[in-house]
>>> print(open('query.cif').read())   # mmCIF, C-alpha atoms and all ligand atoms
data_protein
loop_
_atom_site.group_PDB
_atom_site.id
_atom_site.type_symbol
_atom_site.label_atom_id
_atom_site.label_comp_id
_atom_site.auth_asym_id
_atom_site.auth_seq_id
_atom_site.Cartn_x
_atom_site.Cartn_y
_atom_site.Cartn_z
ATOM 1 C CA MET A 1 113.140 138.186 100.735
ATOM 2 C CA THR A 2 110.982 138.867 97.683
ATOM 3 C CA ARG A 3 110.312 136.797 94.615
ATOM 4 C CA ASP A 4 112.409 139.196 92.504
ATOM 5 C CA LEU A 5 115.442 138.992 94.790
ATOM 6 C CA TRP A 6 115.134 135.229 94.883
ATOM 7 C CA LEU A 7 115.080 135.043 91.083
ATOM 8 C CA GLU A 8 118.062 137.371 90.879
ATOM 9 C CA ALA A 9 120.019 134.983 93.065
ATOM 10 C CA HIS A 10 118.657 131.885 91.289
ATOM 11 C CA SER A 11 118.374 132.970 87.679
ATOM 12 C CA TYR A 12 118.095 129.362 86.468
ATOM 13 C CA LEU A 13 114.608 129.295 88.040
ATOM 14 C CA ARG A 14 113.352 132.039 85.756
ATOM 15 C CA PRO A 15 111.789 129.793 83.066
ATOM 16 C CA ILE A 16 109.709 127.885 85.619
ATOM 17 C CA ALA A 17 108.880 131.161 87.424
ATOM 18 C CA ASP A 18 107.617 132.647 84.165
ATOM 19 C CA LEU A 19 105.562 129.545 83.404
ATOM 20 C CA SER A 20 104.051 129.552 86.887
ATOM 21 C CA ALA A 21 103.207 133.270 86.606
ATOM 22 C CA GLN A 22 101.608 132.779 83.200
ATOM 23 C CA VAL A 23 99.494 129.854 84.386
ATOM 24 C CA ASP A 24 98.443 131.765 87.513
ATOM 25 C CA ARG A 25 97.446 134.778 85.435
ATOM 26 C CA ALA A 26 95.336 132.595 83.145
ATOM 27 C CA ALA A 27 93.789 130.839 86.166
ATOM 28 C CA ASP A 28 92.912 134.231 87.675
ATOM 29 C CA GLU A 29 90.707 134.836 84.649
ATOM 30 C CA ILE A 30 88.685 131.670 85.215
ATOM 31 C CA GLU A 31 85.466 131.991 87.191
ATOM 32 C CA VAL A 32 85.763 130.160 90.523
ATOM 33 C CA LEU A 33 82.737 127.876 90.816
ATOM 34 C CA ASP A 34 81.144 127.148 94.189
ATOM 35 C CA ALA A 35 82.220 124.075 96.114
ATOM 36 C CA ARG A 36 79.805 122.507 98.573
ATOM 37 C CA ILE A 37 81.229 122.137 102.090
ATOM 38 C CA PRO A 38 80.747 118.500 103.151
ATOM 39 C CA ASP A 39 79.018 117.259 106.270
ATOM 40 C CA TRP A 40 81.952 116.660 108.610
ATOM 41 C CA ASP A 41 80.095 114.317 110.939
ATOM 42 C CA GLY A 42 79.177 112.050 108.054
ATOM 43 C CA TYR A 43 82.813 111.959 106.937
ATOM 44 C CA ARG A 44 84.324 111.313 110.378
ATOM 45 C CA PRO A 45 84.355 107.463 110.290
ATOM 46 C CA ASP A 46 86.213 107.550 106.972
ATOM 47 C CA PHE A 47 88.600 110.196 108.353
ATOM 48 C CA LEU A 48 89.436 107.998 111.326
ATOM 49 C CA ALA A 49 90.008 105.068 108.956
ATOM 50 C CA GLY A 50 92.503 107.105 106.910
ATOM 51 C CA VAL A 51 90.317 107.793 103.859
ATOM 52 C CA PRO A 52 91.148 111.215 102.363
ATOM 53 C CA LEU A 53 88.224 113.617 102.139
ATOM 54 C CA LEU A 54 87.961 113.617 98.351
ATOM 55 C CA SER A 55 87.945 109.801 98.199
ATOM 56 C CA SER A 56 85.190 109.453 100.782
ATOM 57 C CA ALA A 57 81.769 108.420 99.456
ATOM 58 C CA ASP A 58 80.245 109.794 102.663
ATOM 59 C CA ALA A 59 81.826 113.230 102.268
ATOM 60 C CA ALA A 60 80.757 113.151 98.596
ATOM 61 C CA VAL A 61 82.622 116.285 97.522
ATOM 62 C CA ASP A 62 81.529 116.958 93.938
ATOM 63 C CA LEU A 63 84.656 117.771 91.921
ATOM 64 C CA GLU A 64 82.898 118.173 88.592
ATOM 65 C CA PRO A 65 82.872 122.023 88.730
ATOM 66 C CA GLY A 66 86.628 121.950 89.488
ATOM 67 C CA GLY A 67 87.104 119.762 86.411
ATOM 68 C CA ARG A 68 85.139 122.332 84.418
ATOM 69 C CA MET A 69 87.490 125.055 85.692
ATOM 70 C CA ALA A 70 90.461 122.936 84.606
ATOM 71 C CA ALA A 71 88.999 122.515 81.109
ATOM 72 C CA ALA A 72 88.457 126.285 80.936
ATOM 73 C CA LEU A 73 92.083 126.891 81.945
ATOM 74 C CA LEU A 74 93.346 124.587 79.182
ATOM 75 C CA GLU A 75 91.175 126.349 76.645
ATOM 76 C CA ARG A 76 92.453 129.739 77.773
ATOM 77 C CA LEU A 77 96.125 128.748 77.658
ATOM 78 C CA GLY A 78 95.572 127.158 74.240
ATOM 79 C CA SER A 79 94.337 130.494 72.925
ATOM 80 C CA GLU A 80 97.462 132.389 73.996
ATOM 81 C CA THR A 81 100.333 132.965 71.622
ATOM 82 C CA SER A 82 103.432 131.944 73.584
ATOM 83 C CA PRO A 83 105.450 130.061 74.544
ATOM 84 C CA GLU A 84 104.915 127.835 71.542
ATOM 85 C CA TRP A 85 105.345 124.522 73.345
ATOM 86 C CA LEU A 86 102.746 125.418 75.970
ATOM 87 C CA VAL A 87 100.218 126.565 73.405
ATOM 88 C CA ALA A 88 100.768 123.436 71.287
ATOM 89 C CA GLU A 89 100.561 121.021 74.214
ATOM 90 C CA THR A 90 97.504 122.595 75.856
ATOM 91 C CA ARG A 91 95.735 122.655 72.468
ATOM 92 C CA ALA A 92 96.506 118.975 71.930
ATOM 93 C CA LEU A 93 95.182 118.181 75.408
ATOM 94 C CA ASP A 94 92.105 120.319 74.887
ATOM 95 C CA THR A 95 91.335 118.648 71.546
ATOM 96 C CA ASP A 96 91.705 115.140 72.976
ATOM 97 C CA LEU A 97 89.700 115.927 76.082
ATOM 98 C CA ARG A 98 86.806 117.268 74.063
ATOM 99 C CA ARG A 99 86.397 113.771 72.621
ATOM 100 C CA ALA A 100 85.958 112.236 76.057
ATOM 101 C CA PRO A 101 82.415 112.117 77.443
ATOM 102 C CA ASN A 102 81.943 113.905 80.792
ATOM 103 C CA VAL A 103 85.260 115.637 80.420
ATOM 104 C CA SER A 104 85.105 117.572 83.691
ATOM 105 C CA CYS A 105 84.388 114.407 85.708
ATOM 106 C CA ARG A 106 87.142 112.537 83.885
ATOM 107 C CA ILE A 107 89.675 115.253 84.734
ATOM 108 C CA ALA A 108 88.660 115.069 88.405
ATOM 109 C CA GLU A 109 89.017 111.257 88.392
ATOM 110 C CA PHE A 110 92.404 111.547 86.710
ATOM 111 C CA LEU A 111 93.610 113.871 89.490
ATOM 112 C CA LEU A 112 92.534 111.348 92.094
ATOM 113 C CA GLY A 113 94.579 108.593 90.475
ATOM 114 C CA ASP A 114 92.372 107.116 87.724
ATOM 115 C CA GLU A 115 94.831 105.870 85.129
ATOM 116 C CA THR A 116 92.320 104.968 82.425
ATOM 117 C CA LEU A 117 92.383 108.435 80.865
ATOM 118 C CA THR A 118 95.207 108.207 78.350
ATOM 119 C CA LEU A 119 96.223 111.554 76.951
ATOM 120 C CA PRO A 120 99.333 113.206 75.600
ATOM 121 C CA PHE A 121 101.255 115.263 78.190
ATOM 122 C CA PRO A 122 99.717 113.800 81.357
ATOM 123 C CA GLY A 123 102.281 115.615 83.537
ATOM 124 C CA LEU A 124 101.265 118.973 82.107
ATOM 125 C CA LEU A 125 97.591 118.085 82.533
ATOM 126 C CA ARG A 126 98.159 117.225 86.212
ATOM 127 C CA TYR A 127 99.908 120.523 86.826
ATOM 128 C CA LEU A 128 97.305 122.655 85.056
ATOM 129 C CA ALA A 129 94.278 120.761 86.305
ATOM 130 C CA TRP A 130 95.500 120.859 89.920
ATOM 131 C CA THR A 131 96.117 124.598 89.569
ATOM 132 C CA ALA A 132 92.447 125.063 88.697
ATOM 133 C CA MET A 133 91.148 122.398 91.103
ATOM 134 C CA ALA A 134 93.067 123.902 94.051
ATOM 135 C CA ARG A 135 91.295 127.206 93.463
ATOM 136 C CA PHE A 136 87.949 125.442 93.352
ATOM 137 C CA LEU A 137 88.759 123.526 96.545
ATOM 138 C CA GLY A 138 90.078 126.541 98.482
ATOM 139 C CA PRO A 139 86.942 127.000 100.645
ATOM 140 C CA VAL A 140 86.741 123.251 101.359
ATOM 141 C CA VAL A 141 90.431 123.073 102.334
ATOM 142 C CA ASN A 142 89.993 126.093 104.636
ATOM 143 C CA ALA A 143 86.919 124.664 106.295
ATOM 144 C CA PHE A 144 88.610 121.258 106.706
ATOM 145 C CA ASP A 145 91.656 122.952 108.292
ATOM 146 C CA GLY A 146 89.362 124.587 110.801
ATOM 147 C CA CYS A 147 87.667 121.403 111.991
ATOM 148 C CA ARG A 148 90.188 118.601 111.455
ATOM 149 C CA ASP A 149 91.420 116.709 114.475
ATOM 150 C CA GLU A 150 95.118 116.722 113.493
ATOM 151 C CA ASP A 151 96.129 114.228 116.176
ATOM 152 C CA ARG A 152 93.868 111.627 114.614
ATOM 153 C CA TRP A 153 95.447 111.840 111.173
ATOM 154 C CA LEU A 154 99.268 112.094 111.375
ATOM 155 C CA ARG A 155 99.591 110.165 108.127
ATOM 156 C CA GLY A 156 102.128 110.598 105.343
ATOM 157 C CA TYR A 157 99.526 111.507 102.710
ATOM 158 C CA CYS A 158 97.237 114.464 102.288
ATOM 159 C CA PRO A 159 94.010 114.245 104.330
ATOM 160 C CA THR A 160 92.173 116.129 101.587
ATOM 161 C CA CYS A 161 93.309 114.622 98.281
ATOM 162 C CA GLY A 162 95.526 111.664 99.250
ATOM 163 C CA SER A 163 98.691 112.896 97.496
ATOM 164 C CA LEU A 164 102.092 112.441 99.029
ATOM 165 C CA PRO A 165 103.547 115.712 100.370
ATOM 166 C CA ALA A 166 105.596 117.976 98.109
ATOM 167 C CA MET A 167 107.417 119.689 100.990
ATOM 168 C CA ALA A 168 107.401 120.162 104.752
ATOM 169 C CA GLN A 169 107.426 123.141 107.103
ATOM 170 C CA LEU A 170 108.488 123.617 110.703
ATOM 171 C CA VAL A 171 106.344 126.119 112.585
ATOM 172 C CA GLY A 172 106.355 127.616 116.080
ATOM 173 C CA ALA A 173 109.041 127.385 118.727
ATOM 174 C CA ASP A 174 110.095 124.527 120.975
ATOM 175 C CA PRO A 175 108.717 122.798 122.957
ATOM 176 C CA GLY A 176 105.531 123.138 120.903
ATOM 177 C CA ARG A 177 107.229 123.177 117.533
ATOM 178 C CA LYS A 178 105.253 121.412 114.836
ATOM 179 C CA ARG A 179 106.122 119.786 111.575
ATOM 180 C CA LEU A 180 103.603 120.205 108.811
ATOM 181 C CA LEU A 181 103.552 118.407 105.498
ATOM 182 C CA SER A 182 102.500 120.458 102.517
ATOM 183 C CA CYS A 183 100.424 119.154 99.612
ATOM 184 C CA GLY A 184 101.582 120.520 96.265
ATOM 185 C CA CYS A 185 98.282 119.548 94.651
ATOM 186 C CA CYS A 186 95.362 120.836 96.733
ATOM 187 C CA GLY A 187 97.369 123.110 99.050
ATOM 188 C CA THR A 188 96.472 121.435 102.364
ATOM 189 C CA ARG A 189 99.057 121.537 105.156
ATOM 190 C CA TRP A 190 98.716 118.915 107.846
ATOM 191 C CA GLN A 191 100.548 117.859 110.949
ATOM 192 C CA PHE A 192 103.005 114.984 111.006
ATOM 193 C CA LYS A 193 105.503 113.519 113.466
ATOM 194 C CA ARG A 194 108.587 115.666 113.968
ATOM 195 C CA THR A 195 111.048 112.874 113.172
ATOM 196 C CA GLY A 196 109.049 110.314 111.190
ATOM 197 C CA CYS A 197 109.489 109.635 107.483
ATOM 198 C CA PRO A 198 106.267 110.088 105.498
ATOM 199 C CA PHE A 199 107.461 107.729 102.779
ATOM 200 C CA CYS A 200 108.406 104.580 104.644
ATOM 201 C CA ALA A 201 106.764 105.273 108.003
ATOM 202 C CA THR A 202 109.977 104.369 109.733
ATOM 203 C CA ASP A 203 110.204 105.546 113.312
ATOM 204 C CA SER A 204 112.257 108.350 114.781
ATOM 205 C CA GLN A 205 116.017 108.892 114.994
ATOM 206 C CA ARG A 206 116.738 108.094 111.399
ATOM 207 C CA LEU A 207 116.101 111.504 109.843
ATOM 208 C CA ALA A 208 119.095 113.635 108.927
ATOM 209 C CA SER A 209 119.148 117.195 107.702
ATOM 210 C CA VAL A 210 121.222 119.167 105.198
ATOM 211 C CA THR A 211 121.255 122.946 105.534
ATOM 212 C CA ILE A 212 122.245 125.023 102.536
ATOM 213 C CA GLU A 213 123.734 128.437 103.068
ATOM 214 C CA GLY A 214 121.837 131.427 101.719
ATOM 215 C CA GLU A 215 118.610 129.527 101.142
ATOM 216 C CA HIS A 216 116.410 131.417 103.619
ATOM 217 C CA GLY A 217 115.459 128.621 105.910
ATOM 218 C CA LEU A 218 115.117 125.926 103.287
ATOM 219 C CA ARG A 219 116.789 122.643 104.046
ATOM 220 C CA ILE A 220 116.707 119.033 102.960
ATOM 221 C CA ASP A 221 115.539 116.434 105.484
ATOM 222 C CA HIS A 222 116.190 112.863 104.498
ATOM 223 C CA CYS A 223 115.464 109.412 105.812
ATOM 224 C CA GLU A 224 118.374 107.101 106.394
ATOM 225 C CA ALA A 225 116.138 104.065 106.038
ATOM 226 C CA CYS A 226 114.613 104.637 102.583
ATOM 227 C CA GLY A 227 116.810 107.440 101.192
ATOM 228 C CA GLY A 228 113.785 109.638 100.505
ATOM 229 C CA TYR A 229 114.091 113.362 101.144
ATOM 230 C CA LEU A 230 111.712 116.196 101.753
ATOM 231 C CA LYS A 231 112.536 119.848 101.211
ATOM 232 C CA THR A 232 111.643 121.688 104.380
ATOM 233 C CA TYR A 233 110.891 125.347 105.051
ATOM 234 C CA ASP A 234 112.135 126.144 108.521
ATOM 235 C CA GLY A 235 110.330 129.457 108.880
ATOM 236 C CA GLN A 236 107.047 131.288 108.511
ATOM 237 C CA GLY A 237 105.645 134.137 106.471
ATOM 238 C CA ASN A 238 106.678 133.157 102.961
ATOM 239 C CA GLU A 239 104.645 129.990 102.548
ATOM 240 C CA ALA A 240 103.037 130.804 99.211
ATOM 241 C CA PHE A 241 106.426 131.237 97.599
ATOM 242 C CA LEU A 242 108.808 128.965 99.510
ATOM 243 C CA LEU A 243 106.379 126.037 99.673
ATOM 244 C CA SER A 244 105.523 126.319 95.976
ATOM 245 C CA ASP A 245 108.053 123.569 95.216
ATOM 246 C CA TRP A 246 109.167 125.170 91.925
ATOM 247 C CA SER A 247 110.991 127.939 93.818
ATOM 248 C CA SER A 248 113.389 125.347 95.256
ATOM 249 C CA LEU A 249 113.874 122.956 92.349
ATOM 250 C CA HIS A 250 117.632 123.560 92.675
ATOM 251 C CA LEU A 251 117.501 121.838 96.065
ATOM 252 C CA ASP A 252 116.184 118.740 94.323
ATOM 253 C CA LEU A 253 119.348 118.689 92.224
ATOM 254 C CA ILE A 254 121.511 119.051 95.338
ATOM 255 C CA ALA A 255 119.626 116.213 97.028
ATOM 256 C CA GLN A 256 119.856 113.979 93.991
ATOM 257 C CA ASP A 257 123.576 114.695 93.687
ATOM 258 C CA ARG A 258 123.883 113.266 97.171
ATOM 259 C CA GLY A 259 122.150 110.095 96.072
ATOM 260 C CA LEU A 260 118.846 110.912 97.739
ATOM 261 C CA LYS A 261 115.532 110.015 96.128
ATOM 262 C CA ARG A 262 112.645 112.332 95.483
ATOM 263 C CA LEU A 263 109.685 110.342 96.766
ATOM 264 C CA ALA A 264 107.680 113.526 97.289
ATOM 265 C CA ALA A 265 104.861 114.240 94.849
ATOM 266 C CA SER A 266 105.721 116.725 92.122
ATOM 267 C CA LEU A 267 103.616 118.745 89.709
ATOM 268 C CA TYR A 268 106.719 119.915 87.894
ATOM 269 C CA GLU A 269 107.652 116.747 86.086
ATOM 270 C CA PHE A 270 105.925 117.105 82.789
ATOM 271 C CA GLU A 271 106.837 113.676 81.473
ATOM 272 C CA PRO A 272 104.536 110.717 82.298
ATOM 273 C CA ALA A 273 103.904 110.958 86.015
ATOM 274 C CA ARG A 274 105.334 108.451 88.411
ATOM 275 C CA LYS A 275 103.382 107.255 91.375
ATOM 276 C CA SER A 276 102.600 110.214 93.563
ATOM 277 C CA ARG A 277 99.849 108.921 95.798
ATOM 278 C CA GLN A 278 99.725 106.677 98.785
ATOM 279 C CA PRO A 279 99.796 102.919 98.030
HETATM 280 ZN ZN ZN B 1 96.187 117.452 98.865
HETATM 281 ZN ZN ZN B 2 111.930 106.722 104.853
#
>>> encode(input="query.cif", output="structure tokens")
Amino acid sequence: MTRDLWLEAHSYLRPIADLSAQVDRAADEIEVLDARIPDWDGYRPDFLAGVPLLSSADAAVDLEPGGRMAAALLERLGSETSPEWLVAETRALDTDLRRAPNVSCRIAEFLLGDETLTLPFPGLLRYLAWTAMARFLGPVVNAFDGCRDEDRWLRGYCPTCGSLPAMAQLVGADPGRKRLLSCGCCGTRWQFKRTGCPFCATDSQRLASVTIEGEHGLRIDHCEACGGYLKTYDGQGNEAFLLSDWSSLHLDLIAQDRGLKRLAASLYEFEPARKSRQP
């Protein structure tokens, strides 16, 4: 299954595919600044208490360079010629942000939930700024993956950035099969209970699953207690594409037609963002 075949079969995804490709191309042109790898021992007490890495004063990950990368991405997209709406909206954001002092720090704070930065198109800013920030954070996320004690987290929000998951993935074979939750913001994947709901923390036995024919292992798991659903990739090898969230936006429509609620975090809602982080 390739991206092209997928788009042939799901032609309604083409506009979002084109947007994603354009943003990725622009982000590829931005210099990736160095991120300092935190001292894991210093962070451990906060980790055990459920504090995400980026919110931990002891881990003290400096996100300012990632904010600078985000500002550079906005500037680059604002200097392109099409599509018109994207150029106009990124320019408006860029102009407003330039008026804010410490713009790169403010962008980083905004991504971690600071609501005092009022700007036009906050949904677009979240999407673009996380695209840049995830590239900046790549080495930190990799290092954290390598040393994290998964059994001591098992929470419904991202251990790195604190966002709710965008999707889930089942990996391996029984009896050792694992369920991972996937962060649409920073790209972390972390382990979670096989049958628990990340949104209401209800216990097992109340998750149901909808399989959709021809969707290459994608399915919709939903909680009978809170009505929240999570799109789930029941396979391996195509993570970058099938866990991108935008490639399965049609499953969100199917779920919502069934009366299910998207409680998962989304970077693809460009109107004012709803709550997408843990309480
Ligand atoms: Zn995250
Ligand atoms: Zn639930």
>>> closest_atom_pairs(input="query.cif", of="stretch 60-95 of chain A", to="stretch 23-30 of chain A", cutoff="9 Å", atoms="only C-alpha atoms", output="Markdown table")
| residue | atom | partner | partner_atom | distance |
| --- | --- | --- | --- | --- |
| A:Met69 | CA | A:Ile30 | CA | 6.7 |
| A:Ala70 | CA | A:Ala27 | CA | 8.7 |
| A:Ala72 | CA | A:Ile30 | CA | 6.9 |
| A:Leu73 | CA | A:Ala27 | CA | 6.0 |
| A:Arg76 | CA | A:Ala26 | CA | 6.7 |
| A:Leu77 | CA | A:Ala26 | CA | 6.7 |
>>> residues_around(input="query.cif", residues="stretch 253-263 of chain A", least_positions_apart="3", cutoff="6 Å", atoms="only C-alpha atoms", output="MDAnalysis selection string")
chainID A and resid 227:229 250
>>> residues_around(input="query.cif", residues="A:Leu249", least_positions_apart="3", cutoff="10 Å", atoms="only C-alpha atoms", output="ChimeraX atom specification")
/A:12-13,16,231,244-246,252-254,268
>>> residues_near_ligand(input="query.cif", ligand="ligand ZN 2 (chain B)", cutoff="6 Å", atoms="only C-alpha atoms and all ligand atoms", output="ChimeraX atom specification")
/A:197,199-200,202,223,225-226,228
>>> closest_atom_pairs(input="query.cif", of="chain A", to="ligand ZN 1 (chain B)", cutoff="9 Å", atoms="all atoms listed in the file", output="Markdown table")
| residue | atom | partner | partner_atom | distance |
| --- | --- | --- | --- | --- |
| A:Pro52 | CA | B:ZN1 | ZN | 8.7 |
| A:Ala134 | CA | B:ZN1 | ZN | 8.6 |
| A:Val141 | CA | B:ZN1 | ZN | 8.8 |
| A:Tyr157 | CA | B:ZN1 | ZN | 7.8 |
| A:Cys158 | CA | B:ZN1 | ZN | 4.7 |
| A:Pro159 | CA | B:ZN1 | ZN | 6.7 |
| A:Thr160 | CA | B:ZN1 | ZN | 5.0 |
| A:Cys161 | CA | B:ZN1 | ZN | 4.1 |
| A:Gly162 | CA | B:ZN1 | ZN | 5.8 |
| A:Ser163 | CA | B:ZN1 | ZN | 5.4 |
| A:Leu164 | CA | B:ZN1 | ZN | 7.7 |
| A:Pro165 | CA | B:ZN1 | ZN | 7.7 |
| A:Ser182 | CA | B:ZN1 | ZN | 7.9 |
| A:Cys183 | CA | B:ZN1 | ZN | 4.6 |
| A:Gly184 | CA | B:ZN1 | ZN | 6.7 |
| A:Cys185 | CA | B:ZN1 | ZN | 5.2 |
| A:Cys186 | CA | B:ZN1 | ZN | 4.1 |
| A:Gly187 | CA | B:ZN1 | ZN | 5.8 |
| A:Thr188 | CA | B:ZN1 | ZN | 5.3 |
| A:Arg189 | CA | B:ZN1 | ZN | 8.0 |
>>> closest_residue(input="query.cif", among="A:Phe136, A:Trp6, A:Phe121, A:Phe47", to="A:Gly67", atoms="all atoms listed in the file")
A:Phe136
>>> atom_distance(input="query.cif", atom1="atom CA of A:Tyr233", atom2="atom CA of A:Gly217")
5.7 Å
>>> resolve_selection(input="query.cif", expression="the PyMOL selection byres (((chain A and resi 125) around 9) and not hetatm)", output="tab-separated table (two decimals) with C-alpha atoms, in the coordinates of the input")
chain	number	residue	atom	x	y	z
A	70	ALA	CA	90.46	122.94	84.61
A	74	LEU	CA	93.35	124.59	79.18
A	90	THR	CA	97.50	122.60	75.86
A	93	LEU	CA	95.18	118.18	75.41
A	107	ILE	CA	89.68	115.25	84.73
A	119	LEU	CA	96.22	111.55	76.95
A	120	PRO	CA	99.33	113.21	75.60
A	121	PHE	CA	101.26	115.26	78.19
A	122	PRO	CA	99.72	113.80	81.36
A	123	GLY	CA	102.28	115.62	83.54
A	124	LEU	CA	101.26	118.97	82.11
A	126	ARG	CA	98.16	117.22	86.21
A	127	TYR	CA	99.91	120.52	86.83
A	128	LEU	CA	97.30	122.66	85.06
A	129	ALA	CA	94.28	120.76	86.30
A	130	TRP	CA	95.50	120.86	89.92
A	270	PHE	CA	105.92	117.10	82.79
>>> resolve_selection(input="query.cif", expression="the PyMOL selection byres (((chain A and resi 4) around 12) and not hetatm)", output="ChimeraX atom specification")
/A:1-3,5-11,13-14,17-18,241,247
>>> residues_near_point(input="query.cif", point="(96.9, 113.1, 112.4)", cutoff="10 Å", atoms="all atoms listed in the file", output="list in words")
Phe47, Leu48, Gly50, Arg148, Asp149, Glu150, Asp151, Arg152, Trp153, Leu154, Arg155, Gly156, Pro159, Trp190, Gln191, Phe192 and Lys193 of chain A
>>> atom_distance(input="query.cif", atom1="atom CA of A:Pro45", atom2="atom CA of A:Asp145")
17.2 Å
>>> atom_distance(input="query.cif", atom1="atom CA of A:Gly237", atom2="atom CA of A:Arg36")
29.4 Å
>>> closest_residue(input="query.cif", among="A:Thr131, A:Thr211, A:Ser248, A:Ser82", to="A:Met167", atoms="all atoms listed in the file")
A:Ser248
>>> resolve_selection(input="query.cif", expression="the PyMOL selection byres (((chain A and resi 102) around 12) and not hetatm)", output="MDAnalysis selection string")
chainID A and resid 64:65 67:68 71 97:101 103:109 117
>>> axis_aligned_box(input="query.cif", around="stretch 26-42 of chain A", padding_each_side="8 Å", output="lines of an AutoDock Vina configuration file")
center_x = 87.2
center_y = 123.4
center_z = 97.0
size_x = 32.3
size_y = 38.8
size_z = 43.8
>>> closest_residue(input="query.cif", among="A:Asp41, A:Ser55, A:Lys178, A:Leu251", to="A:Val210", atoms="only C-alpha atoms")
A:Leu251
>>> closest_residue(input="query.cif", among="A:Ala240, A:Leu218, A:Leu19, A:Ala166", to="A:Trp85", atoms="only C-alpha atoms")
A:Leu19
